[in-house]
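Undergrad: My file is query.txt. It has compact mmCIF, C-alpha atoms:
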```
# COMPACT_ATOMS: atom_id res chain seq x y z
CA THR A 1222 114.13 -0.28 -7.75
CA ALA A 1223 111.25 -1.64 -9.80
CA GLY A 1224 109.20 1.43 -8.86
CA ASN A 1225 112.09 3.64 -9.99
CA LEU A 1226 112.22 1.83 -13.36
CA LEU A 1227 108.44 1.98 -13.77
CA CYS A 1228 108.39 5.75 -13.19
CA GLY A 1229 111.15 6.24 -15.74
CA PHE A 1230 109.41 4.07 -18.32
CA ILE A 1231 106.09 5.89 -17.97
CA ALA A 1232 107.91 9.25 -18.07
CA VAL A 1233 109.43 8.31 -21.44
CA ILE A 1234 105.95 7.38 -22.73
CA LYS A 1235 104.52 10.71 -21.53
CA CYS A 1236 107.30 12.61 -23.31
CA ILE A 1237 106.62 10.77 -26.56
CA GLN A 1238 102.88 11.41 -26.25
CA ALA A 1239 103.49 15.12 -25.60
CA ARG A 1240 105.70 15.41 -28.66
CA LEU A 1241 103.08 13.68 -30.84
CA ILE A 1242 100.47 16.16 -29.61
CA VAL A 1243 102.75 19.10 -30.47
CA ASP A 1244 103.38 17.68 -33.97
CA LEU A 1245 99.62 17.96 -34.69
CA GLY A 1246 99.52 14.69 -36.61
CA GLU A 1247 97.15 11.76 -36.58
CA TYR A 1248 97.83 11.02 -32.91
CA ALA A 1249 96.90 14.59 -31.92
CA ALA A 1250 93.67 14.35 -33.92
CA THR A 1251 92.62 11.13 -32.17
CA HIS A 1252 93.68 12.33 -28.69
CA ALA A 1253 92.31 15.87 -28.68
CA GLN A 1254 91.61 15.65 -24.95
CA LEU A 1255 95.33 15.50 -24.12
CA ALA A 1256 97.38 18.65 -23.50
CA TRP A 1257 101.13 18.62 -24.11
CA ILE A 1258 101.87 20.76 -21.05
CA GLU A 1259 100.03 18.32 -18.79
CA LEU A 1260 101.88 15.35 -20.29
CA TYR A 1261 105.29 16.97 -19.78
CA THR A 1262 104.28 17.93 -16.23
CA GLN A 1263 103.32 14.33 -15.51
CA ALA A 1264 106.68 13.21 -16.88
CA VAL A 1265 108.48 15.62 -14.52
CA TRP A 1266 106.61 14.33 -11.48
CA LEU A 1267 107.36 10.75 -12.51
CA ILE A 1268 111.08 11.54 -12.67
CA LEU A 1269 110.94 13.19 -9.24
CA ALA A 1270 109.03 10.17 -7.91
CA ALA A 1271 111.82 7.97 -9.30
CA VAL A 1272 114.28 10.06 -7.25
CA VAL A 1273 112.28 9.19 -4.13
CA PHE A 1274 112.16 5.49 -5.01
CA ASP A 1275 115.90 5.49 -5.71
CA SER A 1276 116.69 7.06 -2.35
CA LEU A 1277 114.48 4.56 -0.54
CA ASP A 1278 115.61 1.30 -2.12
CA GLY A 1279 119.25 1.63 -1.08
CA ARG A 1280 118.39 2.67 2.47
CA LEU A 1281 115.89 -0.17 2.89
CA ALA A 1282 118.44 -2.65 1.54
CA ARG A 1283 121.09 -1.42 4.00
CA LEU A 1284 118.66 -1.47 6.94
CA GLY A 1285 117.62 -5.02 6.11
CA GLY A 1286 121.15 -6.19 5.36
CA ARG A 1287 120.11 -7.18 1.85
CA THR A 1288 122.68 -5.24 -0.19
CA SER A 1289 124.18 -7.22 -3.07
CA LEU A 1290 126.07 -6.74 -6.32
CA PHE A 1291 122.94 -7.80 -8.22
CA GLY A 1292 120.94 -5.06 -6.52
CA ALA A 1293 123.58 -2.45 -7.38
CA GLU A 1294 123.60 -3.46 -11.05
CA PHE A 1295 119.80 -3.56 -11.25
CA ASP A 1296 119.61 -0.13 -9.61
CA SER A 1297 122.05 1.31 -12.15
CA LEU A 1298 120.06 -0.08 -15.09
CA ALA A 1299 116.90 1.50 -13.68
CA ASP A 1300 118.74 4.80 -13.15
CA VAL A 1301 119.83 4.93 -16.80
CA VAL A 1302 116.17 4.88 -17.84
CA SER A 1303 114.70 7.15 -15.16
CA PHE A 1304 117.51 9.70 -14.79
CA GLY A 1305 119.28 9.32 -18.13
CA MET A 1306 116.90 8.54 -20.96
CA ALA A 1307 113.74 10.22 -19.59
CA PRO A 1308 115.27 13.69 -18.85
CA ALA A 1309 117.32 13.66 -22.06
CA LEU A 1310 114.28 12.79 -24.16
CA MET A 1311 112.11 15.35 -22.37
CA VAL A 1312 114.56 18.22 -22.88
CA PHE A 1313 115.21 17.20 -26.49
CA PHE A 1314 111.50 17.11 -27.35
CA LEU A 1315 110.63 20.27 -25.41
CA ILE A 1316 113.54 22.60 -26.21
CA LEU A 1317 116.25 21.04 -28.37
CA ALA A 1318 114.07 19.95 -31.33
CA PRO A 1319 112.19 23.12 -32.34
CA HIS A 1320 109.61 23.51 -35.09
CA GLY A 1321 109.88 26.02 -37.88
CA GLU A 1322 112.69 28.44 -37.13
CA PHE A 1323 116.03 27.50 -35.62
CA GLN A 1324 116.04 24.08 -37.30
CA TRP A 1325 119.85 24.11 -37.11
CA PHE A 1326 119.50 23.84 -33.34
CA ARG A 1327 117.94 20.38 -33.73
CA GLU A 1328 121.23 18.94 -35.01
CA LEU A 1329 123.05 20.31 -31.98
CA GLY A 1330 120.19 19.42 -29.66
CA TRP A 1331 120.26 15.65 -30.08
CA PHE A 1332 124.04 15.70 -29.50
CA ILE A 1333 123.68 17.64 -26.22
CA ALA A 1334 120.96 15.26 -25.03
CA PHE A 1335 123.12 12.25 -25.95
CA VAL A 1336 126.16 13.66 -24.12
CA TYR A 1337 124.03 13.94 -20.98
CA LEU A 1338 122.85 10.33 -21.37
CA LEU A 1339 126.40 9.13 -22.06
CA CYS A 1340 127.86 10.91 -19.03
CA GLY A 1341 125.09 9.50 -16.86
CA ALA A 1342 125.85 5.95 -18.00
CA VAL A 1343 129.60 6.47 -17.45
CA ARG A 1344 128.92 7.89 -13.98
CA LEU A 1345 126.89 4.81 -13.02
CA ALA A 1346 129.51 2.41 -14.41
CA ARG A 1347 132.27 4.19 -12.48
CA PHE A 1348 130.19 4.14 -9.30
CA ASN A 1349 129.67 0.37 -9.58
CA VAL A 1350 133.39 -0.19 -10.01
CA ILE A 1351 134.40 2.12 -7.14
CA THR A 1352 131.86 0.63 -4.73
CA ASN A 1353 132.58 -3.00 -5.65
CA PRO A 1354 133.85 -4.52 -2.36
CA MET A 1355 135.92 -7.08 -4.25
CA LEU A 1356 137.97 -4.33 -5.93
CA TYR A 1357 138.13 -1.34 -3.58
CA ARG A 1358 137.27 -2.57 -0.09
CA ALA A 1359 139.46 -0.03 1.72
CA ALA A 1360 138.08 2.91 -0.25
CA LEU A 1361 134.54 1.65 0.25
CA GLU A 1362 134.98 1.60 4.02
CA THR A 1363 136.48 5.08 4.30
CA THR A 1364 134.61 7.30 1.84
CA LYS A 1365 131.36 9.00 2.76
CA ASP A 1366 130.95 11.04 -0.41
CA PHE A 1367 130.04 10.43 -4.02
CA VAL A 1368 132.83 10.97 -6.56
CA GLY A 1369 131.06 13.05 -9.18
CA GLN A 1370 127.49 14.27 -9.01
CA PRO A 1371 125.00 11.39 -8.58
CA ILE A 1372 122.73 10.95 -11.59
CA PRO A 1373 119.45 11.38 -9.60
CA THR A 1374 120.62 14.83 -8.49
CA ALA A 1375 121.56 15.59 -12.10
CA ALA A 1376 118.11 14.65 -13.36
CA GLY A 1377 116.41 16.50 -10.48
CA PRO A 1378 117.37 20.07 -11.46
CA VAL A 1379 116.67 19.35 -15.13
CA ALA A 1380 113.18 18.02 -14.35
CA SER A 1381 112.40 20.77 -11.84
CA LEU A 1382 113.55 23.47 -14.30
CA VAL A 1383 111.22 21.97 -16.92
CA LEU A 1384 108.44 22.13 -14.33
CA LEU A 1385 109.20 25.81 -13.74
CA LEU A 1386 109.25 26.58 -17.47
CA LEU A 1387 105.95 24.76 -18.00
CA LYS A 1388 104.42 26.83 -15.21
CA MET A 1389 105.62 29.96 -16.98
CA ALA A 1390 104.18 28.69 -20.27
CA GLN A 1391 100.78 28.28 -18.61
CA LYS A 1392 100.97 31.97 -17.71
CA ALA A 1393 101.35 32.86 -21.41
CA LYS A 1394 105.10 33.43 -21.23
CA ASP A 1395 107.27 32.41 -24.17
CA LEU A 1396 109.51 29.43 -23.53
CA ARG A 1397 111.98 30.56 -26.20
CA GLU A 1398 113.23 33.34 -23.92
CA TRP A 1399 114.54 30.65 -21.56
CA ALA A 1400 115.43 28.04 -24.21
CA LEU A 1401 119.17 28.18 -23.52
CA THR A 1402 118.89 27.48 -19.79
CA LEU A 1403 118.09 23.78 -20.21
CA PRO A 1404 120.93 22.96 -22.65
CA LEU A 1405 123.40 24.84 -20.45
CA LEU A 1406 122.16 23.00 -17.38
CA LEU A 1407 122.46 19.67 -19.22
CA ILE A 1408 126.07 20.46 -20.13
CA LEU A 1409 126.89 21.50 -16.55
CA VAL A 1410 125.49 18.39 -14.87
CA SER A 1411 127.00 16.17 -17.58
CA PHE A 1412 130.45 17.49 -16.71
CA LEU A 1413 129.84 17.22 -12.97
CA MET A 1414 128.71 13.58 -13.23
CA ILE A 1415 132.05 12.47 -14.70
CA SER A 1416 134.16 14.90 -12.66
CA THR A 1417 135.99 14.17 -9.40
CA VAL A 1418 133.96 16.76 -7.48
CA ARG A 1419 132.74 15.13 -4.28
CA TYR A 1420 129.11 15.33 -3.20
CA PRO A 1421 127.60 14.26 0.15
CA SER A 1422 125.81 10.92 0.01
CA PHE A 1423 123.68 11.29 3.18
CA LYS A 1424 124.17 7.56 3.77
CA GLN A 1425 125.59 8.23 7.23
CA VAL A 1426 122.64 10.37 8.32
CA ASN A 1427 120.78 8.81 11.24
CA TRP A 1428 117.13 9.58 10.57
CA GLU A 1429 116.21 8.23 14.02
CA THR A 1430 118.16 10.97 15.79
CA LYS A 1431 116.14 12.86 18.40
CA THR A 1432 115.71 16.56 17.75
CA ARG A 1433 114.24 19.57 19.49
CA PHE A 1434 110.61 20.44 18.95
CA ARG A 1435 111.60 23.87 17.62
CA THR A 1436 113.80 22.23 14.97
CA PHE A 1437 111.03 19.82 14.02
CA VAL A 1438 108.56 22.68 13.58
CA GLY A 1439 111.07 24.59 11.46
CA VAL A 1440 111.62 21.59 9.19
CA PHE A 1441 107.88 20.99 8.96
CA LEU A 1442 107.18 24.61 8.00
CA GLY A 1443 110.04 24.50 5.50
CA GLY A 1444 108.49 21.42 3.90
CA ILE A 1445 105.14 23.23 3.60
CA LEU A 1446 106.83 26.21 1.92
CA VAL A 1447 108.68 23.93 -0.49
CA TRP A 1448 105.43 22.23 -1.46
CA ARG A 1449 103.59 25.54 -1.76
CA PHE A 1450 106.22 26.99 -4.10
CA GLN A 1451 107.23 23.64 -5.57
CA GLU A 1452 108.04 24.86 -9.09
CA VAL A 1453 110.69 27.25 -7.75
CA ALA A 1454 111.69 25.47 -4.54
CA PHE A 1455 112.59 22.10 -6.04
CA PHE A 1456 114.80 23.71 -8.66
CA PHE A 1457 116.72 25.85 -6.17
CA LEU A 1458 117.12 22.95 -3.73
CA PHE A 1459 118.75 20.84 -6.43
CA LEU A 1460 120.78 23.85 -7.57
CA ALA A 1461 121.99 24.42 -4.01
CA TYR A 1462 123.22 20.81 -3.87
CA ILE A 1463 125.13 21.32 -7.14
CA PHE A 1464 126.89 24.49 -5.98
CA TYR A 1465 127.52 23.10 -2.49
CA GLY A 1466 129.66 20.40 -4.08
CA LEU A 1467 131.49 22.94 -6.24
CA PHE A 1468 132.13 25.25 -3.27
CA ALA A 1469 133.37 22.38 -1.09
CA HIS A 1470 135.63 21.22 -3.95
CA TYR A 1471 137.08 24.74 -4.22
CA GLN A 1472 137.69 24.92 -0.46
CA ARG A 1473 139.34 21.49 -0.53
CA GLY A 1474 141.62 22.63 -3.34
CA VAL A 1475 142.60 25.76 -1.42
CA ARG A 1476 143.44 23.72 1.69
CA HIS A 1477 145.54 21.28 -0.33
CA ALA A 1478 147.40 24.17 -1.98
CA GLN A 1479 148.09 25.69 1.44
CA MET A 1480 149.37 22.34 2.75
CA ARG A 1481 151.67 21.91 -0.25
CA ALA A 1482 153.02 25.42 0.23
CA LEU A 1483 153.59 24.72 3.93
CA ARG A 1484 155.43 21.47 3.14
CA ARG A 1485 157.69 23.25 0.65
CA LYS A 1486 158.42 25.93 3.24
CA VAL A 1487 159.30 23.34 5.89
CA VAL A 1488 161.56 21.46 3.46
CA LYS A 1489 163.32 24.67 2.49
CA MET A 1490 163.84 25.61 6.16
CA ARG A 1491 165.38 22.20 6.86
CA GLN A 1492 167.67 22.51 3.86
CA ASP A 1493 168.79 25.98 4.95
CA LYS A 1494 169.41 24.67 8.48
CA ASP A 1495 171.52 21.78 7.22
CA GLN A 1496 173.62 24.14 5.16
```
Just give me the structure as structure tokens.

TA:
Amino acid sequence: TAGNLLCGFIAVIKCIQARLIVDLGEYAATHAQLAWIELYTQAVWLILAAVVFDSLDGRLARLGGRTSLFGAEFDSLADVVSFGMAPALMVFFLILAPHGEFQWFRELGWFIAFVYLLCGAVRLARFNVITNPMLYRAALETTKDFVGQPIPTAAGPVASLVLLLLKMAQKAKDLREWALTLPLLLILVSFLMISTVRYPSFKQVNWETKTRFRTFVGVFLGGILVWRFQEVAFFFLFLAYIFYGLFAHYQRGVRHAQMRALRRKVVKMRQDKDQ
């Protein structure tokens, strides 16, 4: 958890440094060796590293039997910095606070970034209440899914999309052509974090399960391909997780509608029989 918080803190610093370089002020004059693209790229990797730390701390705590309410609260505070403040600040500085033209977009930009941060904080607060064993013990023992998109998987696609856009910028492509993708993605994940759409938690996955050699080789090769095309692969992996939850939610709604229709049909048949 401390590693998660450290990554988020340094990512915020990198975003501020990158913005100061872009502003071409006194800081840029005294730090001519720094490049804003490199600083934003470092911030992205720090956020993704925080995702790894966040996934490890809970699993290690469960394996060691050291889970506690204090640990859950500390983890949430770290998540607000790493997956709330850092991505919101990065997107605001990079896209939502433009120079020169489109100054009107700045006023809308800070609001969009704040909505993302607010929804992330609400999502974490709701998670702590739902998973509190003193309040919802029965629900805690039966559920295997997250209610609403987890904030690390909301920050992941935002950070990976920034990484993709920065790669495009290095190839002399204009970021303004893709400027609307980040705000739209922020709005989407903000809504999903406070929604009731269920997402798999992977907490029940047994990583010690034996597997076939062919499967192991396939996973290994897939990992190599992901790393080779990391700018594209990371974004589409996170995007696949987002739309998996939406598709499963749609299927669940269809099944419930079919069950309700079947119940109404059965009730009507019984009423007709009684008559």

Undergrad: What's around Ala1249 (chain A) at 12 Å? Count only C-alpha atoms, leave out sequence neighbours fewer than 6 positions away in its own chain, and write the answer as a ChimeraX atom specification.

TA: /A:1237-1243,1255-1257

Undergrad: Please indicate the distance in Å from CA of Cys1228 (chain A) to CA of Ala1271 (chain A), rounded to one decimal place.

TA: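 It comes out at 5.6 Å.
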
Undergrad: What's around region 1337-1344 of chain A at 7 Å? Count all atoms listed in the file, leave out sequence neighbours fewer than 6 positions away in its own chain, and write the answer as a list in words.

TA: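 In the requested form, the answer reads Val1301, Gly1305, Met1306, Ala1309, Ile1372, Leu1407, Ile1408, Ser1411, Met1414 and Ile1415 of chain A.
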
Undergrad: Would you kindly return, as a PyMOL selection string, each protein, DNA or RNA residue with an atom no farther than 9 Å from any atom of Val1383 (chain A), considering all atoms listed in the file and excluding same-chain residues fewer than 6 positions away?

TA: chain A and resi 1261-1262+1265+1311-1312+1315+1403+1452

Undergrad: With C-alpha atoms kept, could you save the residues just selected as a PDB file, keeping the file's coordinate frame?

TA:
```
ATOM      1  CA  TYR A1261     105.290  16.970 -19.780  1.00  0.00           C
ATOM      2  CA  THR A1262     104.280  17.930 -16.230  1.00  0.00           C
ATOM      3  CA  VAL A1265     108.480  15.620 -14.520  1.00  0.00           C
ATOM      4  CA  MET A1311     112.110  15.350 -22.370  1.00  0.00           C
ATOM      5  CA  VAL A1312     114.560  18.220 -22.880  1.00  0.00           C
ATOM      6  CA  LEU A1315     110.630  20.270 -25.410  1.00  0.00           C
ATOM      7  CA  LEU A1403     118.090  23.780 -20.210  1.00  0.00           C
ATOM      8  CA  GLU A1452     108.040  24.860  -9.090  1.00  0.00           C
TER       9      GLU A1452
END
```

Undergrad: For CA of Leu1401 (chain A) and CA of Ser1381 (chain A), determine how far apart the two atoms are, in Å to one decimal place.

TA: 15.4 Å
